[in-house]
Amino acid sequence: MRLHKRFVPVIVTLASLLVIFAGCSLIGSKPKATVPARKVTISKKAAASMEKKLQSWNKVGANSYRLTVTESEVTSYFHHKLSGKNLPMANATVWFEADAIYLRGDIQLENTALHGTVVTKLSPFVKDGHLQVRIEEAYLGSLPLPSQIRSALTDALNSALASGSGEELKVKEVQVSQGTLVVTVGK
């Protein structure tokens, strides 16, 4: 799997720090973080449903639109539509819980022996009309990422989320419940 070029310096620095402080053998071990116990179904039909929803949000009110997606749709989209697209993660699974998003996937640094399973817990929120997230927990293998690294990754992710959204529509609300994510945007 090839990494997107802008992710390489961050991931190489992070991996180097982890190797220096913890040793290579811990990175590939099983994560200590927990994800919801339920199985997320992966299908081409769910991936197609996600793609269709991304192209046409539901109108709710005069100037508002809503996107409602399931963890199956998002996970299937990762597997069927984004695999091989230079993402730093493979075999991604997404779970939606009350006010939290869990993500587990495998990463491998290109041209290195470093690889492992990443598990994160994200809390989404709206700030100044933009979708934002807070990384509550993050593990690479059995190693918890320090709060300073989580903070830096959160800042980078939120900057990308803010710059990727248009100025015409603002995010009004984000709701996460078991199995479902709902995002409402409007003028």
# chains A, B, ... in the order shown; residues from 1 in each chain; ligands from 1
$ residues_around --residues "range 93-110 of chain A" --least-positions-apart "4" --cutoff "6 Å" --atoms "only C-alpha atoms" --output "mmCIF file with C-alpha atoms, in the first residue's frame"
data_model
loop_
_atom_site.group_PDB
_atom_site.id
_atom_site.type_symbol
_atom_site.label_atom_id
_atom_site.label_comp_id
_atom_site.auth_asym_id
_atom_site.auth_seq_id
_atom_site.Cartn_x
_atom_site.Cartn_y
_atom_site.Cartn_z
ATOM 1 C CA GLU A 71 -21.004 2.012 9.955
ATOM 2 C CA THR A 75 -16.593 0.545 6.283
ATOM 3 C CA PRO A 88 -2.095 4.956 4.766
ATOM 4 C CA MET A 89 -4.566 2.383 6.124
ATOM 5 C CA LEU A 114 7.128 -1.197 10.427
ATOM 6 C CA HIS A 115 3.498 -2.185 10.446
ATOM 7 C CA GLY A 116 0.723 -2.557 12.932
ATOM 8 C CA THR A 117 -2.886 -2.153 13.810
ATOM 9 C CA VAL A 118 -4.153 1.306 14.657
ATOM 10 C CA VAL A 119 -7.166 1.771 16.929
ATOM 11 C CA THR A 120 -8.612 5.222 17.568
ATOM 12 C CA LYS A 121 -11.587 6.660 19.390
ATOM 13 C CA LEU A 122 -12.758 10.001 18.008
ATOM 14 C CA SER A 123 -15.310 12.449 19.378
ATOM 15 C CA VAL A 176 -23.395 9.796 16.490
ATOM 16 C CA SER A 177 -25.460 6.923 17.809
ATOM 17 C CA GLN A 178 -24.987 3.177 17.772
ATOM 18 C CA GLY A 179 -24.423 2.227 14.153
ATOM 19 C CA THR A 180 -25.258 5.645 12.631
#
$ residues_around --residues "Val126 in chain A" --least-positions-apart "2" --cutoff "9 Å" --atoms "only C-alpha atoms" --output "JSON, numbers by chain"
{"A": [124, 128, 129, 130, 131, 132, 133, 171, 172, 173, 174]}
$ write_last_selection --atoms "N, CA and C atoms" --output "mmCIF file, in the first residue's frame"
data_model
loop_
_atom_site.group_PDB
_atom_site.id
_atom_site.type_symbol
_atom_site.label_atom_id
_atom_site.label_comp_id
_atom_site.auth_asym_id
_atom_site.auth_seq_id
_atom_site.Cartn_x
_atom_site.Cartn_y
_atom_site.Cartn_z
ATOM 1 N N PRO A 124 -16.604 13.512 17.588
ATOM 2 C CA PRO A 124 -16.880 14.580 16.622
ATOM 3 C C PRO A 124 -17.665 15.721 17.265
ATOM 4 N N ASP A 128 -17.464 26.566 14.690
ATOM 5 C CA ASP A 128 -17.458 27.610 13.659
ATOM 6 C C ASP A 128 -17.928 27.098 12.305
ATOM 7 N N GLY A 129 -18.939 26.242 12.311
ATOM 8 C CA GLY A 129 -19.520 25.740 11.076
ATOM 9 C C GLY A 129 -18.731 24.641 10.393
ATOM 10 N N HIS A 130 -17.746 24.074 11.082
ATOM 11 C CA HIS A 130 -16.927 23.000 10.513
ATOM 12 C C HIS A 130 -17.014 21.756 11.379
ATOM 13 N N LEU A 131 -17.017 20.593 10.739
ATOM 14 C CA LEU A 131 -16.927 19.335 11.459
ATOM 15 C C LEU A 131 -15.509 19.217 11.997
ATOM 16 N N GLN A 132 -15.386 18.884 13.261
ATOM 17 C CA GLN A 132 -14.087 18.714 13.912
ATOM 18 C C GLN A 132 -14.118 17.420 14.716
ATOM 19 N N VAL A 133 -12.947 16.910 15.075
ATOM 20 C CA VAL A 133 -12.869 15.710 15.906
ATOM 21 C C VAL A 133 -11.810 15.905 16.983
ATOM 22 N N VAL A 171 -21.528 23.286 8.629
ATOM 23 C CA VAL A 171 -22.023 22.157 9.397
ATOM 24 C C VAL A 171 -22.798 22.713 10.582
ATOM 25 N N LYS A 172 -24.025 22.265 10.722
ATOM 26 C CA LYS A 172 -24.880 22.724 11.815
ATOM 27 C C LYS A 172 -24.866 21.752 12.987
ATOM 28 N N GLU A 173 -24.818 20.460 12.652
ATOM 29 C CA GLU A 173 -24.932 19.458 13.713
ATOM 30 C C GLU A 173 -24.303 18.144 13.271
ATOM 31 N N VAL A 174 -23.720 17.438 14.231
ATOM 32 C CA VAL A 174 -23.242 16.075 14.009
ATOM 33 C C VAL A 174 -23.747 15.228 15.163
#
$ residues_around --residues "Val69 in chain A" --least-positions-apart "6" --cutoff "7 Å" --atoms "only C-alpha atoms" --output "ChimeraX atom specification"
/A:50,180-182
$ write_last_selection --atoms "N, CA and C atoms" --output "compact mmCIF listing (two decimals), in the first residue's frame"
# COMPACT_ATOMS: atom_id res chain seq x y z
N MET A 50 -23.39 4.24 0.14
CA MET A 50 -22.61 5.37 0.68
C MET A 50 -22.25 6.34 -0.44
N THR A 180 -24.87 4.58 13.57
CA THR A 180 -25.26 5.64 12.63
C THR A 180 -24.56 6.96 12.92
N LEU A 181 -24.21 7.67 11.84
CA LEU A 181 -23.66 9.01 11.90
C LEU A 181 -24.58 9.91 11.09
N VAL A 182 -24.96 11.07 11.67
CA VAL A 182 -25.82 12.03 10.98
C VAL A 182 -25.11 13.39 10.99
$ atom_distance --atom1 "CA of Ile149 in chain A" --atom2 "CA of Phe78 in chain A"
24.8 Å
$ atom_distance --atom1 "CA of Lys44 in chain A" --atom2 "CA of His80 in chain A"
6.5 Å
$ residues_around --residues "Val60 in chain A" --least-positions-apart "5" --cutoff "12 Å" --atoms "only C-alpha atoms" --output "VMD selection string"
chain A and resid 65 to 68 183 to 186
$ closest_residue --among "A:Lys127, A:Ala92, A:Lys53, A:Tyr77" --to "Ala162 in chain A" --atoms "only C-alpha atoms"
A:Lys127
$ atom_distance --atom1 "CA of Lys187 in chain A" --atom2 "CA of Ala62 in chain A"
9.4 Å
